[in-house]
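Trainee: Before I ask anything, here is the structure I am working with.
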Amino acid sequence: MNFSGKTAVVTGGSRGLGRAICRKLAAGGANVVFSYAGNTAAAQETVKELEDMGAEVRAVQGDVADSEAVRTLMDTAVKEFGHIHILVNNAGITRDGLAMMMKEEDFDAVIDTNLKGTFLCMKAVSRIMLRQKYGRIVNLSSVVGLHGNAGQVNYAASKAGVIGMTKSLAKELAAKGITVNAVAPGFITTDMTSALPEAARTALLATIPMARLGAAEDVAAAVAFLAGDASAYITGQVLGVDGGMGM
């Protein structure tokens, strides 16, 4: 996909899915500005990797649940590159636990980062994209937001909320040349899933028709499609990347 001359902002881009998304967009020629919460070493690794690919990249530390930090992120992208063509809301956290045992602060933390953070970023970038009369917003939801999951009431609520916001903002911006879509990953290979006991891994795979976990690159490819011009007539949609779990 050709993103030459375009600027992408990716939240939570220093590692995992975020880094894979940054890498995919940079491979297409995009300038990349990504945010990270606190892992400076991981952010520096991502910067080096993208620069080695020939990309222009900037890393901005900040909490997406903080409106001032979000403003700094967007201002940096505009100051450095003039425009923001693509926003990928990837930043997210988990604080798992059964609902009856969940601490209120753990519920609030997940909602603040995953849901409020996505809202703040979409609000900030909408003004920029409206002036351009062009934009692609891609939000990371989850299969959990579609189907729920025991022990993740807070996470499921946040990711279901992301879908609701995606559809609502898509209706607000559709006539202005701006698309808003979501990607809902299933179980993706991460440090956490790699550490699962064999019995737990086998039970997990039994729920996936394709009988394998996804890779970060699978999600990044879906994001890149929705961020590109090939998806210009697609908005308000949720693309599952889950090996068939959602069927």
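Lettering and numbering for the structure tokens are positional, with chains as A, B, ... in the shown order, residues counted from 1 in each chain, and ligands counted from 1 in the shown order.
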Go through stretch 31-113 of chain A and flag each residue having an atom no more than 9 Å from stretch 151-168 of chain A; for those, report the closest pair of atoms plus their distance in Å to one decimal, using only C-alpha atoms, ordered by chain and rising number, as a Markdown table.

Mentor:
| residue | atom | partner | partner_atom | distance |
| --- | --- | --- | --- | --- |
| A:Ile93 | CA | A:Tyr155 | CA | 8.0 |
| A:Thr94 | CA | A:Tyr155 | CA | 6.2 |
| A:Arg95 | CA | A:Tyr155 | CA | 7.6 |
| A:Asp96 | CA | A:Gln152 | CA | 5.3 |
| A:Gly97 | CA | A:Gly151 | CA | 4.6 |
| A:Leu98 | CA | A:Gly151 | CA | 4.3 |
| A:Ala99 | CA | A:Val153 | CA | 6.3 |
| A:Met102 | CA | A:Asn154 | CA | 8.8 |
| A:Asp106 | CA | A:Asn154 | CA | 7.9 |
| A:Phe107 | CA | A:Asn154 | CA | 5.2 |
| A:Asp108 | CA | A:Asn154 | CA | 8.0 |
| A:Ala109 | CA | A:Asn154 | CA | 8.9 |
| A:Val110 | CA | A:Asn154 | CA | 6.3 |
| A:Ile111 | CA | A:Ser158 | CA | 5.4 |
| A:Asp112 | CA | A:Ser158 | CA | 8.6 |
| A:Thr113 | CA | A:Ser158 | CA | 8.8 |

Trainee: Stretch 25-91 of chain A near stretch 179-186 of chain A within 10 Å: what's each residue's closest atom pair and its distance in Å to one decimal, counting only C-alpha atoms, ordered by chain then ascending residue number, as a tab-separated table?

Mentor:
residue	atom	partner	partner_atom	distance
A:Ile86	CA	A:Thr179	CA	9.8
A:Leu87	CA	A:Val180	CA	9.5
A:Val88	CA	A:Ala182	CA	9.4
A:Asn89	CA	A:Ala182	CA	9.2
A:Asn90	CA	A:Val183	CA	9.8

Trainee: What's the 8 Å shell around stretch 37-40 of chain A, counting only C-alpha atoms, without same-chain residues fewer than 6 positions away, as a list in words?

Mentor: Gly12, Ser14, Gln61, Gly62 and Asp63 of chain A

Trainee: Could the residues in this selection be saved with C-alpha atoms as a PDB file, in the first residue's frame?

Mentor:
ATOM      1  CA  GLY A  12       0.835   3.155  21.867  1.00  0.00           C
ATOM      2  CA  SER A  14       6.425   1.573  20.963  1.00  0.00           C
ATOM      3  CA  GLN A  61       5.714  10.467  25.412  1.00  0.00           C
ATOM      4  CA  GLY A  62       2.314  11.031  26.982  1.00  0.00           C
ATOM      5  CA  ASP A  63      -0.884   9.567  28.387  1.00  0.00           C
TER       6      ASP A  63
END

Trainee: Which of these residues is nearest to A:Phe3, using only C-alpha atoms: A:Pro197, A:Gly18, A:Gly243, A:Gly228?

Mentor: A:Gly228

Trainee: I need the residues of stretch 54-217 of chain A that end up classed as strand (DSSP E) by DSSP on the backbone, written out as number ranges by chain.

Mentor: A: 57-61, 86-89, 135-140, 178-185

Trainee: Please measure the separation of atom CA of A:Asp242 and atom CA of A:Met210, giving the value in Å to one decimal.

Mentor: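 About the pair atom CA of A:Asp242 and atom CA of A:Met210: they are 8.7 Å apart.
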
Trainee: Using only C-alpha atoms, which protein or nucleic acid residues come within 10 Å of A:Arg212? Drop anything in the same chain fewer than 6 positions from it, and give the result as a list in words.

Mentor: Phe187, Ile188, Thr189, Arg201, Thr202, Leu204, Leu205, Ala206, Asp242 and Gly243 of chain A

Trainee: Given only C-alpha atoms, how would the per-residue table for stretch 134-226 of chain A near stretch 26-34 of chain A read, listing every residue at most 12 Å away with its closest atom pair and distance in Å to one decimal, sorted by chain and number, as JSON lines?

Mentor:
{"residue": "A:Ala220", "atom": "CA", "partner": "A:Ala26", "partner_atom": "CA", "distance": 11.3}
{"residue": "A:Ala221", "atom": "CA", "partner": "A:Gly28", "partner_atom": "CA", "distance": 11.1}
{"residue": "A:Ala224", "atom": "CA", "partner": "A:Gly28", "partner_atom": "CA", "distance": 8.9}
{"residue": "A:Phe225", "atom": "CA", "partner": "A:Gly28", "partner_atom": "CA", "distance": 11.1}

Trainee: Determine the nearest neighbour of A:Ile128 from the options A:Ala230, A:Met74, A:Val10, A:Leu146, counting only C-alpha atoms.

Mentor: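 Under the stated criterion, the closest residue is A:Met74.
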
Trainee: Could you please write out, as JSON, numbers by chain, every residue of stretch 82-178 of chain A that DSSP assigns to alpha helix (DSSP H)?

Mentor: {"A": [104, 105, 106, 107, 108, 109, 110, 117, 118, 119, 120, 121, 122, 123, 124, 125, 126, 127, 128, 129, 130, 131, 132, 143, 144, 145, 146, 147, 153, 154, 155, 156, 157, 158, 159, 160, 161, 162, 163, 164, 165, 166, 167, 168, 169, 170, 171, 172, 173]}

Trainee: Go through A:Gly148, A:Gly135, A:Gly117, A:Gly16 one by one, measure the shortest atom-to-atom distance of each to A:Gly246 using only C-alpha atoms, and give the residue with the smallest value.

Mentor: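 Under the stated criterion, the closest residue is A:Gly148.
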
Trainee: Smallest atom-to-atom distance to A:Ala59: which of A:Gly13, A:Gly5, A:Gly145, A:Gly240, using only C-alpha atoms?

Mentor: A:Gly13
